[in-house]
4 protein chains.
Amino acid sequence: MTDVNVNSESLERLESEVRTYSRSFPTVFKRARGATLTDENDKDYIDFLAGAGTLNYGHNNPKLKKALLDYIMDDGITHGLDMWTSAKRDFLETLEQVIFKPRGLDYKVQFCGPTGTNAIEAALRIARNTTGRTNIVSFTNAFHGVTLGALATTANSKFRHAAAMPTAGVSFMPYCGYMDGDSSSLAFLEKTLTDNSSGVDYPAAILLETVQGEGGINVASIEWLQGIEKICRKHGILLIVDDIQAGCGRTGKFFSFEHAGLKPDIVTSSKSLSGYGLPFAAVFMKPELDQWKPGEYNGTFRGNNLAFVTATTAMREYWRNDDLARDVTRKGKIVEHRFKQLARAYQAAGIEASERGRGLMRGLDILQGDLADEIVADCFENGLVIETSGPEGQVVKCLCPLLISDDELNKGLDILEQAVKRQLDRLNSNQTRKSA
Amino acid sequence: MTDVNVNSESLERLESEVRTYSRSFPTVFKRARGATLTDENDKDYIDFLAGAGTLNYGHNNPKLKKALLDYIMDDGITHGLDMWTSAKRDFLETLEQVIFKPRGLDYKVQFCGPTGTNAIEAALRIARNTTGRTNIVSFTNAFHGVTLGALATTANSKFRHAAAMPTAGVSFMPYCGYMDGDSSSLAFLEKTLTDNSSGVDYPAAILLETVQGEGGINVASIEWLQGIEKICRKHGILLIVDDIQAGCGRTGKFFSFEHAGLKPDIVTSSKSLSGYGLPFAAVFMKPELDQWKPGEYNGTFRGNNLAFVTATTAMREYWRNDDLARDVTRKGKIVEHRFKQLARAYQAAGIEASERGRGLMRGLDILQGDLADEIVADCFENGLVIETSGPEGQVVKCLCPLLISDDELNKGLDILEQAVKRQLDRLNSNQTRKSA
Amino acid sequence: MTDVNVNSESLERLESEVRTYSRSFPTVFKRARGATLTDENDKDYIDFLAGAGTLNYGHNNPKLKKALLDYIMDDGITHGLDMWTSAKRDFLETLEQVIFKPRGLDYKVQFCGPTGTNAIEAALRIARNTTGRTNIVSFTNAFHGVTLGALATTANSKFRHAAAMPTAGVSFMPYCGYMDGDSSSLAFLEKTLTDNSSGVDYPAAILLETVQGEGGINVASIEWLQGIEKICRKHGILLIVDDIQAGCGRTGKFFSFEHAGLKPDIVTSSKSLSGYGLPFAAVFMKPELDQWKPGEYNGTFRGNNLAFVTATTAMREYWRNDDLARDVTRKGKIVEHRFKQLARAYQAAGIEASERGRGLMRGLDILQGDLADEIVADCFENGLVIETSGPEGQVVKCLCPLLISDDELNKGLDILEQAVKRQLDRLNSNQTRKSA
Amino acid sequence: MTDVNVNSESLERLESEVRTYSRSFPTVFKRARGATLTDENDKDYIDFLAGAGTLNYGHNNPKLKKALLDYIMDDGITHGLDMWTSAKRDFLETLEQVIFKPRGLDYKVQFCGPTGTNAIEAALRIARNTTGRTNIVSFTNAFHGVTLGALATTANSKFRHAAAMPTAGVSFMPYCGYMDGDSSSLAFLEKTLTDNSSGVDYPAAILLETVQGEGGINVASIEWLQGIEKICRKHGILLIVDDIQAGCGRTGKFFSFEHAGLKPDIVTSSKSLSGYGLPFAAVFMKPELDQWKPGEYNGTFRGNNLAFVTATTAMREYWRNDDLARDVTRKGKIVEHRFKQLARAYQAAGIEASERGRGLMRGLDILQGDLADEIVADCFENGLVIETSGPEGQVVKCLCPLLISDDELNKGLDILEQAVKRQLDRLNSNQTRKSA
């Protein structure tokens with residue numbers, strides 16, 4: 001299956017069948033820089049995947065790299081459980097000064113295990129313990145992780161089925177745009193919450209992504225997001241924004257909820273938080289929700305000091321002003337424009353494709369997972385790493401590094417365009433043959 | 001509370017109340033090397049905690065550090081989801097050659113999220129999905145993590161209560177030595193499993209630590225461990241060894257279960273696996289259990305390439321022969337000897353203290369959590385970082401780096417001895433005063 | 001509070017606070033016949049409650065009474081666990097001949113414990129065990145009982161909260177008419193079931209009442225019911241109709257689902273099944289679903305032989321032809337007509353009341369629970385026992401015996417009309433006073 | 001399979017495969033009186049099963065029958081939901097005067113659905129809601145019903161497996177005598193409850209049967225029962241005694257817990273409570289635990305007035321003095337004596353049989369389910385209905401009516417003795433043949 005020039009025998013033999021990306025991108029990578037991945041045959045790939053949103057500042061960003069190397073060389077604390085370190089203090093102070101204060105946010109920070117799912121588990125407990133209620137409202141197509149507590153809030157049946165256990169304590173409601181016709185999912189949600197016989201137990205919190213990444217780049221409208229916050233405030237329900245994928249500038253603001261002016265009670269952050277691809281996650285919560293007793297939620301790696309260092313540098317370098325945010329918006333428009341063109345090309349061929357997204361979190365929905373897989377394979381062949389998302393894998397997804405150069409961005413989009421062209425040609429000629 | 005010379009105002013203000021170690025060790029650390037931590041006031045501390053077993057090769061081990069720096073400087077892949085990388089291949093091949101083969105083990109490797117709890121969640125799913133059964137047998141005093149699936153197997157009520165949700169799918173049985181009198185917990189376990197009316201649903205797996213770390217350095221006897229494996233084989237139950245804390249040489253063998261000659265069906269590894277304190281976790285499973293479908297269990301950081309690099313180096317440096325293993329055993333005896341002396345000192349004062357452990361995973365049980373806290377505080381004052389474990393925090397726990405020099409080890413033990421002496425003097429003079 | 005002439009001191013002292021109907025109807029009843037209840041002060045009450053649908057053939061129906069007395073006098077088996085008895089055989093054969101065959105139904109019969117909730121618990125297990133799936137779709141405002149398995153399918157938060165445990169394995173969907181606007185709950189349901197990322201695990205069964213009794217006399221349209229069955233057939237989902245309250249002729253057909261021509265896979269029956277108010281419940285299932293192993297679901301009273309006797313007599317007396325069914329439809333129209341008049345009277349007073357129902361299962365929704373309580377109290381004072389339902393208790397509910405005479409029916413309706421008139425007068429004079 | 005003279009074709013065809021007793025006793029019964037069952041071929045059977053403990057006063061007891069007939073003939077209320085009736089008041093007052101007061105008990109009475117499992121579900125909620133804790137301690141071999149909440153406390157895997165759902169909120173502990181060797185299950189229980197790291201969440205209640213019926217006539221010692229109550233009092237845990245099978249005089253006292261002088265916080269009663277085999281169940285709770293809000297736990301048949309009538313008569317006839325209690329003890333000794341003889345006969349044949357029981361709740365444990373089945377079949381052939389219990393069905397169980405005549409009792413025991421004799425002869429001749 002795999003190219004004979006790819007030295008992957010031991011990888012295939014020893015790694016579990018659960019692996020995925022090495023199936024879509026069957027080569028062995030050895031180096032990366034910025035928006036470029038290089039494999040062992042020295043072939044370069046433009047990276048529109050970027051660690052599924054983990055590498056917003058690119059691979060091995062030189063500024064972060066320098067800070068990281070200096071810290072390691074100087075024998076800075078690498079691992080210290082949750083002890084106080086200079087690196088942690090720098091991170092917290094910078095987070096407060098550069099991120100929280102300018103946005104009018106007042107949060108306390110919990111360092112949980114360095115994965116998003118850990119942050120979600122912590123957030124759910126905070127909500128349940130501070131409200132004394134158990135139920136959590138999550139949404140169709142939501143993805144919040146796969147450890148059992150987080151999994152209960154994740155909609156996708158692939159993950160849910162694999163748990164081999166029913167989950168409890170979560171009610172799913174239709175996300176923005178999920179319902180057909182003119183019906184309002186907000187009205188339905190509010191009716192459900194206020195009707196004491198809806199079957200939806202009065203919730204501790206509503207948990208949401210402002211743009212659903214794994215779910216297929218589903219973008220909640222500003223009005224819908226504000227409507228959710230209003231419902232939360234009216235009914236004393238906590239609002240948790242899972243900003244793990246959409247945060248850290250991905251949508252054109254540091255926090256994705258800034259577009260709607262939300263002030264969530266709890267925010268989960270991970271992926272690009274370290275800025276360098278280092279495992280890291282945190283929960284930001286309003287101070288009155290910080291009712292933890294010491295050590296009630298723990299984990300060995302709850303405080304990755306190397307990540308503190310790169311995260312601090314990333315905030316200082318990229319978020320002291322709004323240059324990056326503006327640039328993301330600008331590049332987002334480039335992708336939007338090109339994706340719209342591609343959607344129209346599909347439409348011309350009778351496939352009701354569409355474009356959607358916010359900032360540099362964009363999807364091209366071509367409705368069929370097999371067509372999308374074909375595109376991914378063609379792109380890979382031609383030097384572009386890009387993935388799909390959505391329940392059927394039908395959405396080709398651009399999550400390129402925010403710092404990608406215009407040149408690389410356009411080159412990547414060109415590769416994608418060529419792949420689409422080839423596919424439409426094939427479809428066309430097949431159809432011609434059939435009708436002949 | 002905290003020393004005026006400690007610059008911790010922002011840390012106290014911004015970090016969640018859930019923090020723990022910064023309460024026991026109220027200073028800000030800035031640097032570390034080997035077995036020594038240094039704070040911002042340039043005070044040195046000998047580290048008997050070592051990241052709760054994460055730093056078996058010491059802080060910033062120079063050999064691992066060199067490999068790490070080289071890799072970073074060369075723009076090696078830092079984050080690549082679960083794509084194939086040269087670093088991953090090196091890790092897998094080294095693991096096979098240096099660890100699995102010489103021990104007659106044949107495992108496939110799953111890279112889950114880089115925390116122990118993630119590995120446990122994956123292991124439980126493997127067991128449930130491959131057997132079609134739901135129940136898992138765990139043990140009194142077990143600790144396997146706090147995400148909801150792992151939490152169900154964790155015995156400590158502090159963590160369980162904080163979940164604000166009942167857990168399901170796990171039955172707790174008495175660990176080796178838990179039951180009073182001459183009754184055998186093995187016999188009780190087997191009766192429970194074979195009796196179809198015991199209330200214990202026939203399990204998918206038995207999950208255990210060979211030495212319980214968080215639970216209070218409870219050491220399962222070789223006979224008990226072999227008895228458990230025998231029960232598993234006899235009844236078609238999978239054996240999962242959680243070697244997260246006891247593995248990577250801590251007990252004097254690479255895997256803690258080697259002492260009993262076990263061949264677990266599934267092994268979870270984390271903590272010292274990377275060797276450098278980098279977040280990393282993996283599940284090792286017998287090939288026939290690798291029935292995952294692609295992507296059924298995922299996570300953003302499931303493949304920390306920096307950890308691959310340091311882990312590979314650690315295996316090559318320290319596990320090609322049994323020098324380190326023998327040295328751990330030797331040093332373990334030193335600690336054992338000193339702890340036994342201390343236990344006798346307590347006994348002389350009427351406190352039925354005792355020593356226990358395997359290799360360099362050792363505990364001094366002084367029965368009362370407040371006495372143990374006093375010891376910890378006195379040691380910290382005098383330059384030793386050491387923690388407690390057990391349900392009441394009553395066990396002073398030595399998890400020093402395996403590579404600690406004899407000098408440092410003895411110096412640390414001296415500090416501890418002085419603390420014990422001071423405590424016993426206080427207790428003695430109090431008693432004298434009372435009886436006066 | 002209670003009338004001095006009511007001898008209820010010991011009842012109030014000894015019975016749990018959980019009691020409800022004795023609060024609405026604070027007298028001690030001693031005798032009943034047909035549609036009339038008589039209290040210890042010899043005051044008669046027309047009974048529009050009829051055991052919440054349990055007394056379709058009236059209190060102490062003389063034909064059933066005779067059969068019951070004969071059987072008891074002859075020392076027929078009263079209690080025989082699930083042993084075979086002549087009475088059980090008569091019941092089964094009559095059920096087959098009089099009910100199943102003429103309706104083209106082919107069912108096997110499970111005798112579970114003699115309560116509706118027991119039947120629901122059995123039905124859910126049949127669905128889960130035969131499909132290998134766990135999830136059950138239930139609906140807003142559904143009521144299926146309060147034992148923990150059934151409770152999971154019951155929407156009302158009063159009962160759910162009292163369990164003090166989260167429930168699992170059930171997803172709630174909007175019932176016919178629940179959603180606002182022109183949105184279709186059928187389309188939403190089908191989208192949810194076919195979307196593998198909706199958060200609704202693929203279900204074993206859809207469980208529904210064709211008219212929701214406790215939920216507030218919510219009537220599913222024929223089209224909606226047929227749409228549900230179509231979805232079930234298309235997607236291999238079992239259809240369970242809970243006919244506990246709406247069955248046994250209440251809606252004008254023996255089974256309430258006959259109106260829509262459904263052939264449910266599983267039917268639960270109870271309440272009026274014995275015909276005499278005796279505890280009795282049964283599950284009817286398609287033969288291929290009868291995969292129980294002997295004794296997997298049991299209960300001491302699973303075969304109430306006295307109930308067999310009265311149920312058999314009821315079927316023979318009332319269901320060999322469609323006279324009763326036609327009469328129920330006719331009387332239903334009388335109630336409908338009078339309720340519509342009352343609704344209009346409320347509307348004239350500015351309260352958007354409405355009438356709804358099927359057969360003799362009818363409700364007058366006056367939107368406010370306190371107004372409805374006032375009506376209940378006034379009716380009781382004047383000799384009519386009638387109750388409310390719906391999430392706010394805002395629906396005055398007519399469930400009179402099917403055999404009620406036209407005279408009694410009209411007399412009951414007159415009492416209700418007077419109560420409504422008095423209430424509207426009060427409301428009117430209050431308003432006049434306010435505006436004065 | 002079934003005798004050609006048994007008219008059971010329609011029964012076999014129409015009744016679910018879940019049926020059990022009609023498999024052990026393949027005939028159709030038509031009449032019963034006292035301790036005698038009569039089938040349609042007019043064959044009589046002595047009944048040592050007695051509705052699994054439901055017919056303590058015999059089939060169709062003439063005194064209860066008279067009261068029942070009078071009530072029915074007089075059109076007494078049959079079904080009245082939970083309205084007040086004269087019959088309910090009589091029952092409550094008699095219960096207070098005849099049962100509670102003389103025993104120094106002060107309870108409030110909840111009428112739940114008329115099955116034992118309903119009472120258990122209510123009891124668990126009372127315990128959980130009043131303590132604010134979720135966990136319940138149940139015991140090995142416990143049987144408390146099969147609705148999902150009760151099932152969680154039932155140990156037998158046959159029922160648990162059939163639920164097709166994991167249960168939650170219950171920890172199983174070893175019952176009196178379960179553990180081998182000299183270890184004390186009381187000491188183990190107390191250690192588990194007081195150890196905050198045992199995995200057993202601090203419970204709301206301990207739920208137990210004083211003699212386990214379905215579990216195999218396991219008799220808790222007086223000391224053990226008192227030990228459990230002491231643990232409950234010491235640790236603020238509620239004590240729930242499930243007296244459904246062992247109550248109403250079965251063990252020689254009205255409540256089975258009187259032998260140990262317990263004052264349970266909650267008692268569940270059913271089976272022989274009505275005295276006539278009518279479905280009936282109730283929960284007795286200390287007044288301070290009656291914190292229900294109206295209607296939080298409901299059910300259509302929660303107040304079976306016919307059962308009130310027979311239950312009241314039974315209390316008045318049989319419990320105003322201790323004649324019956326003494327007679328049960330006397331007859332119990334007869335059964336004990338004969339069972340011990342049979343046990344010795346087995347022992348002589350090399351089968352380590354044993355006898356156990358309290359009052360007229362007695363078992364002969366012959367260790368092998370197939371041997372016990374053989375005995376049941378032989379007895380049935382010869383006119384004795386007797387069943388087995390225990391996890392393997394290895395315990396032949398005598399639950400004859402308490403009012404059985406000495407003649408019938410001895411005749412039944414003779415039939416059993418002959419069956420045992422025949423079996424031992426067969427076993428003996430087989431062995432002789434083998435060794436020949």
# chains A, B, ... in the order shown; residues from 1 in each chain; ligands from 1
$ calpha_fit_rmsd --fixed "chain B" --moving "chain D"
0.0 Å
$ interface_residues --of "chain C" --to "chain A" --cutoff "10 Å" --atoms "only C-alpha atoms" --output "ChimeraX atom specification"
/C:134-135,138-143,152-161,165-175,178-185,187-188,191-192,195-202,215,390-392
$ write_last_selection --atoms "C-alpha atoms" --output "short mmCIF file (atom, residue, chain, number, x, y, z; two decimals), in the first residue's frame"
data_model
loop_
_atom_site.label_atom_id
_atom_site.label_comp_id
_atom_site.auth_asym_id
_atom_site.auth_seq_id
_atom_site.Cartn_x
_atom_site.Cartn_y
_atom_site.Cartn_z
CA THR C 134 -28.78 0.54 24.53
CA ASN C 135 -30.39 3.84 23.67
CA SER C 138 -38.59 8.81 24.44
CA PHE C 139 -40.50 12.10 24.12
CA THR C 140 -41.09 15.39 25.83
CA ASN C 141 -43.88 15.10 28.40
CA ALA C 142 -43.73 11.30 28.34
CA PHE C 143 -44.72 9.40 31.46
CA ALA C 152 -35.19 7.21 32.51
CA THR C 153 -37.93 7.44 29.86
CA THR C 154 -40.20 9.72 31.91
CA ALA C 155 -39.80 13.39 31.09
CA ASN C 156 -41.20 15.07 34.17
CA SER C 157 -38.51 16.59 36.37
CA LYS C 158 -40.52 16.06 39.56
CA PHE C 159 -40.06 12.31 39.31
CA ARG C 160 -36.60 12.49 37.78
CA HIS C 161 -35.28 14.73 40.51
CA MET C 165 -29.43 9.56 40.58
CA PRO C 166 -28.78 10.55 36.98
CA THR C 167 -30.49 8.22 34.53
CA ALA C 168 -28.89 6.85 31.37
CA GLY C 169 -29.71 5.19 28.09
CA VAL C 170 -32.53 7.45 26.89
CA SER C 171 -32.72 10.41 24.50
CA PHE C 172 -35.72 12.73 24.58
CA MET C 173 -37.13 14.08 21.34
CA PRO C 174 -39.95 16.57 20.76
CA TYR C 175 -43.40 14.97 20.70
CA TYR C 178 -43.99 20.29 20.73
CA MET C 179 -41.94 22.44 18.44
CA ASP C 180 -43.00 25.93 17.56
CA GLY C 181 -43.42 27.26 14.06
CA ASP C 182 -43.77 25.03 11.07
CA SER C 183 -40.87 22.80 11.96
CA SER C 184 -41.53 19.12 11.87
CA SER C 185 -40.56 17.02 14.84
CA ALA C 187 -37.98 15.57 10.23
CA PHE C 188 -35.91 16.54 13.26
CA LYS C 191 -32.23 13.78 10.95
CA THR C 192 -31.10 13.07 14.48
CA ASP C 195 -26.86 11.76 11.53
CA ASN C 196 -24.06 9.82 13.17
CA SER C 197 -22.94 12.95 14.96
CA SER C 198 -26.19 14.07 16.54
CA GLY C 199 -25.26 12.84 20.01
CA VAL C 200 -28.28 10.55 19.93
CA ASP C 201 -26.90 7.02 19.98
CA TYR C 202 -28.60 4.79 17.44
CA GLY C 215 -48.19 14.78 30.04
CA GLY C 390 -49.73 18.39 32.24
CA PRO C 391 -46.38 19.78 33.39
CA GLU C 392 -48.03 22.63 35.31
#
$ residues_around --residues "D:Ala52" --least-positions-apart "6" --cutoff "12 Å" --atoms "only C-alpha atoms" --output "PyMOL selection string"
(chain C and resi 79-83+298-301) or (chain D and resi 21+58+213-214+244-246+250+270-272+277+361+385-389+397-401)
$ select_by_dssp --residues "stretch 120-210 of chain B" --states "helix (DSSP H, G or I)" --output "JSON, numbers by chain"
{"B": [120, 121, 122, 123, 124, 125, 126, 127, 128, 129, 130, 131, 148, 149, 150, 151, 157, 158, 159, 160, 161, 162, 185, 186, 187, 188, 189, 190, 191, 192, 193, 194]}
$ closest_residue --among "C:Asp370, C:Ala307, C:Asn218, C:Thr27" --to "C:Ala87" --atoms "only C-alpha atoms"
C:Ala307
$ decode --residues "stretch 248-275 of chain B" --atoms "C-alpha atoms" --output "PDB file, in the first residue's frame"
ATOM      1  CA  CYS B 248      10.600   2.581  34.028  1.00  0.00           C
ATOM      2  CA  GLY B 249      12.960   1.075  36.565  1.00  0.00           C
ATOM      3  CA  ARG B 250      11.483   2.513  39.741  1.00  0.00           C
ATOM      4  CA  THR B 251      11.230  -0.882  41.464  1.00  0.00           C
ATOM      5  CA  GLY B 252      14.553  -2.215  40.207  1.00  0.00           C
ATOM      6  CA  LYS B 253      13.281  -3.694  36.943  1.00  0.00           C
ATOM      7  CA  PHE B 254      12.127  -1.802  33.869  1.00  0.00           C
ATOM      8  CA  PHE B 255       8.585  -3.066  34.331  1.00  0.00           C
ATOM      9  CA  SER B 256       7.459  -3.534  37.905  1.00  0.00           C
ATOM     10  CA  PHE B 257       5.691  -6.771  36.998  1.00  0.00           C
ATOM     11  CA  GLU B 258       8.952  -8.450  35.973  1.00  0.00           C
ATOM     12  CA  HIS B 259       9.607  -9.275  39.630  1.00  0.00           C
ATOM     13  CA  ALA B 260       6.665 -11.672  39.511  1.00  0.00           C
ATOM     14  CA  GLY B 261       7.323 -12.831  35.965  1.00  0.00           C
ATOM     15  CA  LEU B 262       3.917 -11.581  34.779  1.00  0.00           C
ATOM     16  CA  LYS B 263       2.952 -11.166  31.134  1.00  0.00           C
ATOM     17  CA  PRO B 264       0.104  -8.659  31.347  1.00  0.00           C
ATOM     18  CA  ASP B 265      -2.310  -8.422  28.443  1.00  0.00           C
ATOM     19  CA  ILE B 266      -2.209  -4.654  28.612  1.00  0.00           C
ATOM     20  CA  VAL B 267       0.302  -2.289  30.208  1.00  0.00           C
ATOM     21  CA  THR B 268      -0.119   1.427  30.704  1.00  0.00           C
ATOM     22  CA  SER B 269       3.011   3.549  30.849  1.00  0.00           C
ATOM     23  CA  SER B 270       3.595   7.243  31.408  1.00  0.00           C
ATOM     24  CA  LYS B 271       5.439   9.440  33.965  1.00  0.00           C
ATOM     25  CA  SER B 272       9.113   8.471  33.471  1.00  0.00           C
ATOM     26  CA  LEU B 273       8.526   7.044  30.003  1.00  0.00           C
ATOM     27  CA  SER B 274       9.853  10.185  28.300  1.00  0.00           C
ATOM     28  CA  GLY B 275      12.632  10.293  30.864  1.00  0.00           C
TER      29      GLY B 275
END
